[in-house]
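Peer 1: Sharing data_26.cif, mmCIF, C-alpha atoms:
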data_final
#
loop_
_atom_site.label_atom_id
_atom_site.label_comp_id
_atom_site.auth_asym_id
_atom_site.auth_seq_id
_atom_site.Cartn_x
_atom_site.Cartn_y
_atom_site.Cartn_z
CA MET P 1 71.71 106.78 108.37
CA THR P 2 72.96 103.27 107.74
CA VAL P 3 76.65 102.74 108.43
CA SER P 4 78.20 99.83 106.66
CA ASP P 5 81.17 98.61 104.73
CA PRO P 6 80.85 100.24 101.28
CA VAL P 7 82.46 97.26 99.65
CA ALA P 8 80.09 94.85 101.35
CA ALA P 9 77.19 97.15 100.52
CA ARG P 10 77.42 96.40 96.82
CA PRO P 11 74.46 94.34 95.58
CA GLU P 12 74.99 90.61 95.59
CA PRO P 13 74.58 88.68 92.33
CA SER P 14 71.12 87.18 91.97
CA ARG P 15 70.71 83.53 92.92
CA ALA P 16 69.75 82.71 89.33
CA THR P 17 73.01 84.11 88.05
CA ALA P 18 75.04 82.26 90.61
CA ASP P 19 73.24 79.00 90.01
CA SER P 20 73.63 79.25 86.23
CA THR P 21 77.37 79.71 86.56
CA PHE P 22 78.23 77.08 89.16
CA PRO P 23 76.59 73.76 89.93
CA ALA P 24 74.09 73.83 92.75
CA GLY P 25 74.89 72.05 95.97
CA GLY P 26 78.23 71.10 97.46
CA SER P 27 81.09 73.45 98.26
CA THR P 28 81.30 74.60 94.67
CA GLY P 29 78.18 76.70 95.06
CA ARG P 30 79.85 78.75 97.79
CA TRP P 31 82.93 79.52 95.71
CA PRO P 32 81.79 83.01 94.48
CA ALA P 33 81.29 84.22 98.06
CA ARG P 34 84.72 82.91 99.05
CA ALA P 35 86.27 84.56 96.03
CA ARG P 36 84.65 87.87 96.86
CA ASP P 37 85.88 87.61 100.47
CA ALA P 38 89.39 86.90 99.23
CA VAL P 39 89.33 89.92 96.92
CA ARG P 40 88.06 92.15 99.69
CA SER P 41 90.67 90.86 102.12
CA SER P 42 93.37 91.38 99.52
CA ALA P 43 92.27 94.97 98.91
CA ARG P 44 92.19 95.64 102.65
CA ALA P 45 95.64 94.10 103.09
CA ARG P 46 97.08 96.27 100.31
CA ALA P 47 95.52 99.34 101.89
CA TRP P 48 96.95 98.46 105.30
CA ILE P 49 100.41 97.95 103.82
CA THR P 50 100.22 101.28 101.99
CA ILE P 51 99.15 103.07 105.17
CA ALA P 52 101.92 101.38 107.16
CA CYS P 53 104.50 102.55 104.62
CA TRP P 54 103.30 106.14 104.88
CA TRP P 55 103.29 105.85 108.66
CA LEU P 56 106.88 104.63 108.60
CA GLY P 57 108.00 107.35 106.18
CA SER P 58 106.25 110.17 108.03
CA ARG P 59 107.59 109.08 111.42
CA ALA P 60 111.11 108.74 110.01
CA LEU P 61 110.74 112.29 108.73
CA VAL P 62 109.63 113.61 112.14
CA LEU P 63 112.26 111.71 114.12
CA THR P 64 115.05 112.68 111.73
CA THR P 65 114.05 116.34 111.79
CA ALA P 66 113.91 116.31 115.59
CA ALA P 67 117.33 114.68 115.79
CA VAL P 68 118.90 117.17 113.37
CA VAL P 69 117.40 120.14 115.19
CA GLN P 70 118.69 118.84 118.50
CA ALA P 71 122.14 118.03 117.11
CA GLU P 72 122.39 121.57 115.76
CA ARG P 73 121.02 122.89 119.07
CA TRP P 74 118.60 125.11 117.21
CA PRO P 75 117.01 127.51 117.85
CA HIS P 76 118.19 127.88 121.46
CA GLY P 77 120.91 125.45 122.45
CA ARG P 78 120.49 125.90 126.16
CA TRP P 79 117.03 124.36 126.10
CA VAL P 80 117.95 120.87 124.94
CA GLY P 81 120.89 118.71 125.90
CA PRO P 82 123.24 116.93 123.47
CA LEU P 83 121.69 114.26 121.27
CA VAL P 84 123.87 111.56 122.86
CA ASP P 85 122.75 112.41 126.40
CA ARG P 86 119.02 112.89 125.74
CA PRO P 87 118.02 111.37 122.38
CA LEU P 88 115.04 113.09 120.76
CA ALA P 89 114.55 115.40 123.75
CA VAL P 90 112.74 117.82 121.42
CA LEU P 91 109.86 115.34 121.26
CA THR P 92 109.66 115.03 125.05
CA ALA P 93 109.09 118.74 125.73
CA TRP P 94 105.97 120.72 126.60
CA ASP P 95 103.21 118.56 128.11
CA GLY P 96 105.44 115.50 127.96
CA ARG P 97 107.02 116.74 131.18
CA TRP P 98 103.66 116.73 132.96
CA TYR P 99 102.78 113.23 131.80
CA ARG P 100 106.16 111.99 133.05
CA MET P 101 105.53 113.63 136.41
CA VAL P 102 102.18 111.84 136.79
CA ALA P 103 103.74 108.54 135.71
CA SER P 104 106.62 108.86 138.18
CA ARG P 105 104.87 110.04 141.34
CA GLY P 106 101.10 110.29 140.78
CA TYR P 107 98.96 113.43 140.98
CA LEU P 108 99.72 116.52 143.02
CA ALA P 109 97.21 119.37 143.16
CA ILE P 110 98.60 122.83 143.93
CA PRO P 111 95.79 125.39 144.36
CA ARG P 112 96.02 128.41 142.05
CA HIS P 113 99.11 126.97 140.33
CA GLN P 114 99.66 124.82 137.27
CA SER P 115 99.00 121.25 138.42
CA ASP P 116 99.27 117.85 136.79
CA THR P 117 95.64 117.09 137.71
CA ALA P 118 94.85 118.72 134.36
CA PHE P 119 96.12 115.57 132.61
CA PHE P 120 94.03 112.41 132.36
CA PRO P 121 95.35 109.11 133.78
CA LEU P 122 95.48 106.40 131.11
CA TYR P 123 98.53 107.60 129.16
CA PRO P 124 100.69 108.18 132.30
CA ALA P 125 99.63 104.72 133.49
CA LEU P 126 100.90 103.24 130.22
CA LEU P 127 104.14 105.19 130.60
CA ARG P 128 104.57 103.62 134.01
CA VAL P 129 103.96 100.15 132.58
CA GLY P 130 106.61 100.78 129.94
CA HIS P 131 108.99 102.06 132.60
CA ALA P 132 108.46 98.86 134.59
CA THR P 133 109.95 96.91 131.67
CA GLY P 134 113.22 98.82 131.99
CA LEU P 135 112.56 101.65 129.54
CA SER P 136 112.93 105.27 130.53
CA LEU P 137 109.69 107.23 130.73
CA ASN P 138 110.73 109.19 127.62
CA ALA P 139 111.54 106.06 125.62
CA SER P 140 108.29 104.45 126.75
CA GLY P 141 106.32 107.54 125.73
CA LEU P 142 107.92 107.79 122.30
CA ILE P 143 107.38 104.10 121.54
CA LEU P 144 103.77 104.22 122.70
CA ALA P 145 102.95 107.40 120.78
CA ASN P 146 104.42 106.24 117.49
CA GLY P 147 103.06 102.70 117.84
CA PHE P 148 99.55 103.88 118.64
CA LEU P 149 99.67 106.14 115.60
CA LEU P 150 99.94 103.12 113.30
CA VAL P 151 96.92 101.59 115.06
CA ALA P 152 95.08 104.91 114.75
CA LEU P 153 95.75 105.19 111.01
CA ILE P 154 94.48 101.66 110.33
CA ALA P 155 91.42 102.28 112.51
CA LEU P 156 90.80 105.61 110.77
CA TYR P 157 90.88 103.84 107.41
CA GLU P 158 88.37 101.25 108.62
CA LEU P 159 86.09 103.94 110.04
CA ALA P 160 86.29 106.05 106.88
CA ARG P 161 85.29 102.99 104.82
CA CYS P 162 81.93 103.20 106.61
CA TRP P 163 81.39 106.58 104.96
CA VAL P 164 83.33 106.69 101.68
CA ASP P 165 84.88 104.41 99.10
CA GLN P 166 88.04 102.48 99.82
CA THR P 167 90.35 104.80 97.85
CA THR P 168 89.15 107.89 99.68
CA ALA P 169 89.43 106.09 103.02
CA ARG P 170 93.01 105.10 102.29
CA ARG P 171 93.82 108.65 101.25
CA ALA P 172 92.34 109.96 104.52
CA ALA P 173 94.67 107.72 106.53
CA VAL P 174 97.69 108.76 104.46
CA TYR P 175 96.85 112.44 104.93
CA ALA P 176 96.54 111.84 108.68
CA ALA P 177 100.06 110.40 108.69
CA LEU P 178 101.38 113.48 106.89
CA PHE P 179 99.23 116.10 108.62
CA PRO P 180 101.34 119.21 109.32
CA VAL P 181 100.57 119.28 113.06
CA GLY P 182 101.02 115.51 113.22
CA TYR P 183 104.46 115.78 114.80
CA VAL P 184 102.39 115.70 118.01
CA PHE P 185 101.67 112.04 117.27
CA SER P 186 105.39 111.36 117.78
CA MET P 187 105.77 113.30 121.03
CA VAL P 188 105.24 112.06 124.59
CA TYR P 189 101.58 112.98 124.15
CA PRO P 190 98.38 110.87 124.16
CA GLU P 191 96.84 112.14 120.89
CA ALA P 192 97.69 109.00 118.90
CA LEU P 193 96.11 106.83 121.58
CA VAL P 194 92.98 109.00 121.65
CA LEU P 195 92.57 108.97 117.87
CA ALA P 196 93.04 105.19 117.84
CA ALA P 197 90.46 104.62 120.59
CA ILE P 198 87.91 107.00 119.05
CA ALA P 199 88.21 105.44 115.59
CA ILE P 200 88.11 101.90 116.98
CA ALA P 201 84.98 102.72 118.99
CA GLY P 202 83.33 104.02 115.82
CA VAL P 203 84.31 100.99 113.76
CA LEU P 204 83.13 98.49 116.37
CA ALA P 205 79.83 100.28 116.91
CA SER P 206 79.18 100.44 113.17
CA ARG P 207 79.66 96.67 113.03
CA GLY P 208 77.26 96.09 115.93
CA ARG P 209 79.99 95.11 118.39
CA TRP P 210 78.69 97.40 121.10
CA GLY P 211 80.42 95.79 124.05
CA ALA P 212 83.87 96.23 122.56
CA ALA P 213 82.92 99.73 121.39
CA ALA P 214 82.09 100.62 125.00
CA VAL P 215 85.57 99.57 126.12
CA ALA P 216 87.23 101.64 123.39
CA ALA P 217 85.10 104.68 124.20
CA ALA P 218 85.91 104.42 127.91
CA LEU P 219 89.64 104.15 127.19
CA ALA P 220 89.48 107.23 124.97
CA ALA P 221 87.71 109.21 127.71
CA LEU P 222 90.30 108.14 130.29
CA THR P 223 92.95 109.64 128.03
CA ARG P 224 91.50 113.00 126.95
CA PRO P 225 88.27 114.75 128.05
CA GLU P 226 87.14 115.58 124.50
CA ALA P 227 86.45 111.86 124.00
CA LEU P 228 83.28 112.54 125.99
CA LEU P 229 81.86 113.79 122.69
CA LEU P 230 81.85 110.21 121.40
CA VAL P 231 78.42 110.04 123.01
CA LEU P 232 77.01 111.92 120.00
CA PRO P 233 78.00 109.67 117.07
CA LEU P 234 77.44 106.50 119.10
CA ALA P 235 73.99 107.72 120.17
CA PHE P 236 73.06 108.57 116.57
CA LEU P 237 74.15 105.12 115.45
CA ALA P 238 72.37 103.38 118.33
CA VAL P 239 69.12 105.13 117.49
CA ARG P 240 69.41 103.99 113.88
CA GLN P 241 70.13 100.39 114.84
CA TRP P 242 67.69 100.29 117.78
CA PRO P 243 64.66 98.75 115.95
CA ALA P 244 66.78 95.84 114.70
CA LEU P 245 68.39 95.07 118.08
CA ASP P 246 67.13 92.55 120.61
CA VAL P 247 66.96 93.37 124.32
CA ARG P 248 70.54 92.31 124.95
CA GLY P 249 71.78 94.28 121.96
CA ARG P 250 69.96 97.39 123.18
CA TRP P 251 71.57 97.11 126.59
CA ARG P 252 75.00 96.84 124.97
CA ALA P 253 74.32 99.78 122.67
CA ALA P 254 73.21 101.91 125.62
CA THR P 255 76.36 100.87 127.50
CA ALA P 256 78.55 101.96 124.59
CA VAL P 257 76.78 105.33 124.35
CA LEU P 258 77.26 105.95 128.08
CA ALA P 259 80.78 104.49 128.35
CA ALA P 260 82.67 107.75 127.79
CA PRO P 261 80.51 109.78 130.22
CA ALA P 262 80.90 106.99 132.78
CA ALA P 263 84.68 107.07 132.42
CA ILE P 264 84.71 110.85 132.89
CA ALA P 265 82.47 110.39 135.94
CA GLY P 266 85.06 107.98 137.31
CA VAL P 267 87.77 110.61 136.95
CA CYS P 268 85.51 113.14 138.69
CA LEU P 269 84.90 110.72 141.55
CA TYR P 270 88.63 110.17 141.97
CA ASP P 271 89.31 113.90 141.94
CA TRP P 272 86.56 114.51 144.52
CA ARG P 273 87.78 111.75 146.84
CA THR P 274 91.44 112.76 146.51
CA PHE P 275 91.41 116.56 146.20
CA GLY P 276 87.93 117.55 147.33
CA ASP P 277 87.23 118.93 143.84
CA ALA P 278 85.23 116.78 141.44
CA VAL P 279 86.52 118.79 138.46
CA ALA P 280 90.11 119.22 139.58
CA PHE P 281 91.21 118.51 136.00
CA SER P 282 89.27 121.57 134.84
CA THR P 283 90.15 123.75 137.84
CA ALA P 284 93.86 123.22 137.14
CA GLN P 285 93.41 124.70 133.66
CA ARG P 286 92.73 128.14 135.15
CA ALA P 287 96.42 128.48 135.98
CA TRP P 288 97.04 128.26 132.22
CA GLY P 289 94.53 131.07 131.67
CA ARG P 290 91.71 128.76 130.57
CA SER P 291 88.27 129.29 132.06
CA PHE P 292 85.06 128.87 130.11
CA GLU P 293 82.99 132.02 129.73
CA PHE P 294 80.33 133.37 127.40
CA ALA P 295 82.70 135.93 125.87
CA GLY P 296 85.52 133.40 125.47
CA PRO P 297 85.66 133.54 121.65
CA VAL P 298 85.90 137.34 121.73
CA ARG P 299 88.78 137.12 124.19
CA ALA P 300 90.45 134.46 122.02
CA VAL P 301 90.25 136.60 118.88
CA ARG P 302 91.57 139.60 120.78
CA GLU P 303 94.48 137.51 122.06
CA VAL P 304 95.40 136.47 118.51
CA ALA P 305 95.24 140.09 117.31
CA ASN P 306 97.57 141.17 120.11
CA SER P 307 100.02 138.32 119.50
CA PHE P 308 101.57 139.81 116.35
CA GLY P 309 105.05 141.02 117.11
CA HIS P 310 105.24 139.01 120.33
CA SER P 311 106.84 135.69 121.21
CA ASN P 312 103.63 133.64 121.21
CA VAL P 313 103.42 133.22 117.44
CA TRP P 314 101.75 129.83 117.93
CA LEU P 315 98.42 131.53 118.46
CA VAL P 316 98.29 132.55 114.81
CA ARG P 317 99.02 128.99 113.74
CA ASP P 318 96.39 127.56 116.09
CA ALA P 319 93.76 130.06 114.92
CA ALA P 320 94.57 129.27 111.28
CA PHE P 321 94.20 125.52 111.85
CA CYS P 322 90.92 126.10 113.65
CA LEU P 323 89.63 127.69 110.45
CA VAL P 324 91.10 124.86 108.35
CA TYR P 325 89.35 122.28 110.52
CA VAL P 326 85.99 124.04 110.14
CA VAL P 327 86.36 124.12 106.35
CA LEU P 328 87.32 120.44 106.22
CA LEU P 329 84.34 119.50 108.39
CA VAL P 330 82.03 121.38 106.04
CA VAL P 331 83.48 119.36 103.14
CA ALA P 332 83.18 116.11 105.09
CA ALA P 333 79.57 116.80 106.08
CA ARG P 334 78.35 115.60 102.68
CA VAL P 335 79.44 112.01 103.41
CA VAL P 336 80.05 111.74 107.16
CA PRO P 337 77.09 111.16 109.53
CA ALA P 338 75.87 114.23 111.38
CA GLY P 339 76.78 112.86 114.82
CA TRP P 340 80.44 112.65 113.88
CA ILE P 341 80.44 116.12 112.31
CA VAL P 342 78.86 117.72 115.37
CA ALA P 343 81.26 115.93 117.74
CA ALA P 344 84.27 116.95 115.66
CA ALA P 345 83.11 120.55 115.44
CA LEU P 346 82.72 120.70 119.22
CA MET P 347 86.23 119.25 119.66
CA VAL P 348 87.59 122.12 117.61
CA LEU P 349 85.35 124.99 118.71
CA LEU P 350 84.58 124.39 122.38
CA PRO P 351 88.18 125.15 123.53
CA ILE P 352 87.82 128.67 122.12
CA TRP P 353 85.26 129.40 124.84
CA SER P 354 88.17 129.15 127.28
CA GLY P 355 89.36 132.47 125.86
CA SER P 356 92.28 131.24 123.77
CA PHE P 357 93.13 129.41 120.54
CA THR P 358 96.15 127.89 122.30
CA SER P 359 96.65 124.23 121.28
CA ASP P 360 93.51 124.19 119.10
CA ALA P 361 95.59 122.82 116.22
CA ARG P 362 96.41 119.85 118.46
CA PHE P 363 92.86 119.32 119.68
CA GLY P 364 91.55 118.91 116.13
CA LEU P 365 93.97 116.07 115.42
CA VAL P 366 91.69 113.53 117.11
CA ALA P 367 88.61 114.33 115.00
CA PRO P 368 88.35 111.61 112.28
CA PRO P 369 86.03 113.57 109.93
CA VAL P 370 88.75 116.20 109.42
CA TYR P 371 90.85 113.72 107.45
CA VAL P 372 87.87 112.51 105.43
CA GLY P 373 87.16 116.10 104.42
CA LEU P 374 90.77 116.54 103.33
CA ALA P 375 90.64 113.25 101.42
CA ARG P 376 87.58 114.41 99.49
CA LEU P 377 89.51 117.51 98.42
CA GLY P 378 92.29 115.28 97.14
CA ARG P 379 90.19 113.33 94.66
CA LEU P 380 91.98 114.88 91.68
CA ARG P 381 95.50 113.54 91.21
CA ALA P 382 97.09 116.99 90.95
CA VAL P 383 95.40 118.12 94.16
CA ASP P 384 96.35 114.86 95.87
CA ILE P 385 100.03 115.31 95.00
CA SER P 386 99.94 118.94 96.08
CA ILE P 387 98.41 118.07 99.45
CA ARG P 388 101.08 115.45 100.08
CA VAL P 389 103.98 117.70 99.09
CA VAL P 390 102.74 120.68 101.09
CA SER P 391 101.95 118.48 104.09
CA VAL P 392 105.45 117.00 104.11
CA ALA P 393 107.04 120.45 103.93
CA LEU P 394 104.84 121.82 106.71
CA LEU P 395 105.36 118.71 108.85
CA VAL P 396 109.14 119.20 108.68
CA ALA P 397 108.84 122.91 109.42
CA ALA P 398 106.49 122.31 112.35
CA THR P 399 108.77 119.64 113.84
CA ALA P 400 111.82 121.87 113.46
CA THR P 401 110.14 124.72 115.33
CA ILE P 402 108.75 122.82 118.33
CA LEU P 403 111.11 124.71 120.63
CA LEU P 404 110.91 128.04 118.85
CA ARG P 405 109.15 129.20 121.98
CA TRP P 406 110.09 127.74 125.35
CA PRO P 407 107.38 125.48 126.80
#
Could you rewrite the structure in this file as structure tokens?
Peer 2:
Amino acid sequence: MTVSDPVAARPEPSRATADSTFPAGGSTGRWPARARDAVRSSARARAWITIACWWLGSRALVLTTAAVVQAERWPHGRWVGPLVDRPLAVLTAWDGRWYRMVASRGYLAIPRHQSDTAFFPLYPALLRVGHATGLSLNASGLILANGFLLVALIALYELARCWVDQTTARRAAVYAALFPVGYVFSMVYPEALVLAAIAIAGVLASRGRWGAAAVAAALAALTRPEALLLVLPLAFLAVRQWPALDVRGRWRAATAVLAAPAAIAGVCLYDWRTFGDAVAFSTAQRAWGRSFEFAGPVRAVREVANSFGHSNVWLVRDAAFCLVYVVLLVVAARVVPAGWIVAAALMVLLPIWSGSFTSDARFGLVAPPVYVGLARLGRLRAVDISIRVVSVALLVAATATILLRWP
């Protein structure tokens, strides 16, 4: 597998052709290369602007929907305060409360109870930094989440260009902005940061910038544990590039491959020194009913079957998106390297072994190949328009129903 820029991968004109068109020697002979670079840069700039516009439109849609829902105090007015008192409180619910708790006072482990040790440290640390500038923790979280999403979309486009043509890559980024569960990217949640770091790590590694890729991979792993799976695509890429690397390059590639596991090991060391439990982040999940077991998928399916007619309707949605993700990964597998497909599949499927589909729709948001698979389905104009229209409708509906069930 050779990962490269598809635009740059086009064959260069032969030297004879170039020399017969422009005089040899001097700066004039380099003009075709400069022209090509300018065209490429122009195409990239147009793509970035297009993606930024879709980011702006999709986030305006999410924020407006959240504001309207809160102003109408729907569906249960007692859960959210007036819009004037707590702007966009709908987007600060659920796990946002736990991240604020970590940012405000640090970790507190409570045995056999739900504890904030389940949440990784980088995002709360950034909340605290934002708070130090005078922002509230909620305002800091909302600004960070939405800002990192723009970075993530641009990085996703650049990563997808390593696998598909520029048009498909741009479409993948646009679909990511409109993805129905993408309201999470505008909540006080770290998913936008994780997607950005994962995509940036992939882009840098594909360009041979292994040192910077290691930093991005470590940051991703300090934000969400599933970033550990970055070891797979980075290892695949390192093996491919290994024969062409010098000794220094091989050390850097190995560092990038091991960066995410090393970051997770750092979290484990902290948990062991502080709480006497090296996997306190995993232990805390048991209070939410999550514990990995061989029969976990059977228990998860049974839970979904028993959820009909009960308040936890989200299970059906999460199970449905799990299936959607699997289908999209199958579609993407024709163009995306195997390491990325395997990592993405594990991001989506491993949580089911905890015995529940809960939040699986959210976990799949940080898997870049998902959006490439969807972009390949949208190659026909009619399908492309349909995907965008349906995504917008579902994004509004999903945002409006965040508090349909109390966190």
Peer 1: Expressed in Å to a single decimal, how great is the separation between CA of Thr283 (chain P) and CA of Cys322 (chain P)?
Peer 2: 24.3 Å
Peer 1: Which polymer residues have any atom within 12 Å of an atom of Val372 (chain P), counting all atoms listed in the file, with same-chain residues fewer than 4 positions away left out, as a PDB file with C-alpha atoms, in the coordinates of the input?
Peer 2:
ATOM      1  CA  LEU P 156      90.800 105.610 110.770  1.00  0.00           C
ATOM      2  CA  TYR P 157      90.880 103.840 107.410  1.00  0.00           C
ATOM      3  CA  GLU P 158      88.370 101.250 108.620  1.00  0.00           C
ATOM      4  CA  LEU P 159      86.090 103.940 110.040  1.00  0.00           C
ATOM      5  CA  ALA P 160      86.290 106.050 106.880  1.00  0.00           C
ATOM      6  CA  ARG P 161      85.290 102.990 104.820  1.00  0.00           C
ATOM      7  CA  CYS P 162      81.930 103.200 106.610  1.00  0.00           C
ATOM      8  CA  TRP P 163      81.390 106.580 104.960  1.00  0.00           C
ATOM      9  CA  VAL P 164      83.330 106.690 101.680  1.00  0.00           C
ATOM     10  CA  ASP P 165      84.880 104.410  99.100  1.00  0.00           C
ATOM     11  CA  GLN P 166      88.040 102.480  99.820  1.00  0.00           C
ATOM     12  CA  THR P 167      90.350 104.800  97.850  1.00  0.00           C
ATOM     13  CA  THR P 168      89.150 107.890  99.680  1.00  0.00           C
ATOM     14  CA  ALA P 169      89.430 106.090 103.020  1.00  0.00           C
ATOM     15  CA  ARG P 170      93.010 105.100 102.290  1.00  0.00           C
ATOM     16  CA  ARG P 171      93.820 108.650 101.250  1.00  0.00           C
ATOM     17  CA  ALA P 172      92.340 109.960 104.520  1.00  0.00           C
ATOM     18  CA  ALA P 173      94.670 107.720 106.530  1.00  0.00           C
ATOM     19  CA  VAL P 174      97.690 108.760 104.460  1.00  0.00           C
ATOM     20  CA  TYR P 175      96.850 112.440 104.930  1.00  0.00           C
ATOM     21  CA  ALA P 176      96.540 111.840 108.680  1.00  0.00           C
ATOM     22  CA  TYR P 325      89.350 122.280 110.520  1.00  0.00           C
ATOM     23  CA  VAL P 327      86.360 124.120 106.350  1.00  0.00           C
ATOM     24  CA  LEU P 328      87.320 120.440 106.220  1.00  0.00           C
ATOM     25  CA  LEU P 329      84.340 119.500 108.390  1.00  0.00           C
ATOM     26  CA  VAL P 330      82.030 121.380 106.040  1.00  0.00           C
ATOM     27  CA  VAL P 331      83.480 119.360 103.140  1.00  0.00           C
ATOM     28  CA  ALA P 332      83.180 116.110 105.090  1.00  0.00           C
ATOM     29  CA  ALA P 333      79.570 116.800 106.080  1.00  0.00           C
ATOM     30  CA  ARG P 334      78.350 115.600 102.680  1.00  0.00           C
ATOM     31  CA  VAL P 335      79.440 112.010 103.410  1.00  0.00           C
ATOM     32  CA  VAL P 336      80.050 111.740 107.160  1.00  0.00           C
ATOM     33  CA  PRO P 337      77.090 111.160 109.530  1.00  0.00           C
ATOM     34  CA  TRP P 340      80.440 112.650 113.880  1.00  0.00           C
ATOM     35  CA  ILE P 341      80.440 116.120 112.310  1.00  0.00           C
ATOM     36  CA  ALA P 344      84.270 116.950 115.660  1.00  0.00           C
ATOM     37  CA  ALA P 367      88.610 114.330 115.000  1.00  0.00           C
ATOM     38  CA  PRO P 368      88.350 111.610 112.280  1.00  0.00           C
ATOM     39  CA  ARG P 376      87.580 114.410  99.490  1.00  0.00           C
ATOM     40  CA  LEU P 377      89.510 117.510  98.420  1.00  0.00           C
ATOM     41  CA  GLY P 378      92.290 115.280  97.140  1.00  0.00           C
ATOM     42  CA  ARG P 379      90.190 113.330  94.660  1.00  0.00           C
TER      43      ARG P 379
END
Peer 1: In Å, how far is it from CA of Val62 (chain P) to CA of Ile49 (chain P)?
Peer 2: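 CA of Ile49 (chain P) lies at a distance of 20.0 Å from CA of Val62 (chain P).
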Peer 1: Would you write out, as a ChimeraX atom specification, every residue that the PyMOL selection byres ((chain P and resi 117-123) around 9) captures in this file?
Peer 2: /P:95,98-99,102-103,107-110,114-116,124-128,141,144,189-190,193,219-225,267,271,280-285
Peer 1: Could you write out the selected residues, including C-alpha atoms, as a PDB file, keeping the file's coordinate frame?
Peer 2:
ATOM      1  CA  ASP P  95     103.210 118.560 128.110  1.00  0.00           C
ATOM      2  CA  TRP P  98     103.660 116.730 132.960  1.00  0.00           C
ATOM      3  CA  TYR P  99     102.780 113.230 131.800  1.00  0.00           C
ATOM      4  CA  VAL P 102     102.180 111.840 136.790  1.00  0.00           C
ATOM      5  CA  ALA P 103     103.740 108.540 135.710  1.00  0.00           C
ATOM      6  CA  TYR P 107      98.960 113.430 140.980  1.00  0.00           C
ATOM      7  CA  LEU P 108      99.720 116.520 143.020  1.00  0.00           C
ATOM      8  CA  ALA P 109      97.210 119.370 143.160  1.00  0.00           C
ATOM      9  CA  ILE P 110      98.600 122.830 143.930  1.00  0.00           C
ATOM     10  CA  GLN P 114      99.660 124.820 137.270  1.00  0.00           C
ATOM     11  CA  SER P 115      99.000 121.250 138.420  1.00  0.00           C
ATOM     12  CA  ASP P 116      99.270 117.850 136.790  1.00  0.00           C
ATOM     13  CA  PRO P 124     100.690 108.180 132.300  1.00  0.00           C
ATOM     14  CA  ALA P 125      99.630 104.720 133.490  1.00  0.00           C
ATOM     15  CA  LEU P 126     100.900 103.240 130.220  1.00  0.00           C
ATOM     16  CA  LEU P 127     104.140 105.190 130.600  1.00  0.00           C
ATOM     17  CA  ARG P 128     104.570 103.620 134.010  1.00  0.00           C
ATOM     18  CA  GLY P 141     106.320 107.540 125.730  1.00  0.00           C
ATOM     19  CA  LEU P 144     103.770 104.220 122.700  1.00  0.00           C
ATOM     20  CA  TYR P 189     101.580 112.980 124.150  1.00  0.00           C
ATOM     21  CA  PRO P 190      98.380 110.870 124.160  1.00  0.00           C
ATOM     22  CA  LEU P 193      96.110 106.830 121.580  1.00  0.00           C
ATOM     23  CA  LEU P 219      89.640 104.150 127.190  1.00  0.00           C
ATOM     24  CA  ALA P 220      89.480 107.230 124.970  1.00  0.00           C
ATOM     25  CA  ALA P 221      87.710 109.210 127.710  1.00  0.00           C
ATOM     26  CA  LEU P 222      90.300 108.140 130.290  1.00  0.00           C
ATOM     27  CA  THR P 223      92.950 109.640 128.030  1.00  0.00           C
ATOM     28  CA  ARG P 224      91.500 113.000 126.950  1.00  0.00           C
ATOM     29  CA  PRO P 225      88.270 114.750 128.050  1.00  0.00           C
ATOM     30  CA  VAL P 267      87.770 110.610 136.950  1.00  0.00           C
ATOM     31  CA  ASP P 271      89.310 113.900 141.940  1.00  0.00           C
ATOM     32  CA  ALA P 280      90.110 119.220 139.580  1.00  0.00           C
ATOM     33  CA  PHE P 281      91.210 118.510 136.000  1.00  0.00           C
ATOM     34  CA  SER P 282      89.270 121.570 134.840  1.00  0.00           C
ATOM     35  CA  THR P 283      90.150 123.750 137.840  1.00  0.00           C
ATOM     36  CA  ALA P 284      93.860 123.220 137.140  1.00  0.00           C
ATOM     37  CA  GLN P 285      93.410 124.700 133.660  1.00  0.00           C
TER      38      GLN P 285
END
Peer 1: Which neighbours of region 390-393 of chain P fall inside 7 Å, counting only C-alpha atoms, when residues of the same chain fewer than 4 positions from it are skipped, and could you give them as a list in words?
Peer 2: Leu178, Phe179, Pro180, Ser386 and Ala397 of chain P
Peer 1: As an exercise, work out the distance from CA of Ala400 (chain P) to CA of Gly130 (chain P) in Å and give it to one decimal place.
Peer 2: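 Pair CA of Ala400 (chain P) / CA of Gly130 (chain P) returns 27.3 Å.
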Peer 1: Using the chain letters and numbers from the file, which residues does the PyMOL selection byres ((chain P and resi 54) around 10) grab, as a PyMOL selection string?
Peer 2: chain P and resi 48-53+55-60+150+153+173-178
Peer 1: Since I can't run it myself right now, could you work out what the PyMOL selection byres ((chain P and resi 237) around 12) selects here and report it as a PyMOL selection string?
Peer 2: chain P and resi 1-4+162+201-210+213+230-236+238-245+250+253-254+256-257+337-340
Peer 1: May I ask which of the residues P:Val69, P:Val129, P:Val366, P:Leu323 is the closest one to Ile198 (chain P), counting all atoms listed in the file?
Peer 2: P:Val366
Peer 1: Would you pick out the contacts of Leu315 (chain P) at 10 Å or less, using all atoms listed in the file, so that residues sharing its chain but fewer than 2 positions from it are not included, and give the list as a PyMOL selection string?
Peer 2: chain P and resi 300-301+303-308+311-313+317-321+356-361
Peer 1: Just write region 214-222 of chain P with C-alpha atoms, as a tab-separated table (two decimals), in the first residue's frame, taken from the block above.
Peer 2:
chain	number	residue	atom	x	y	z
P	214	ALA	CA	3.49	10.82	17.11
P	215	VAL	CA	2.43	14.01	18.90
P	216	ALA	CA	-1.00	13.96	17.24
P	217	ALA	CA	-1.51	10.28	18.06
P	218	ALA	CA	-0.57	10.84	21.71
P	219	LEU	CA	-2.97	13.78	21.99
P	220	ALA	CA	-5.78	11.68	20.53
P	221	ALA	CA	-5.10	8.89	23.03
P	222	LEU	CA	-5.10	11.36	25.93
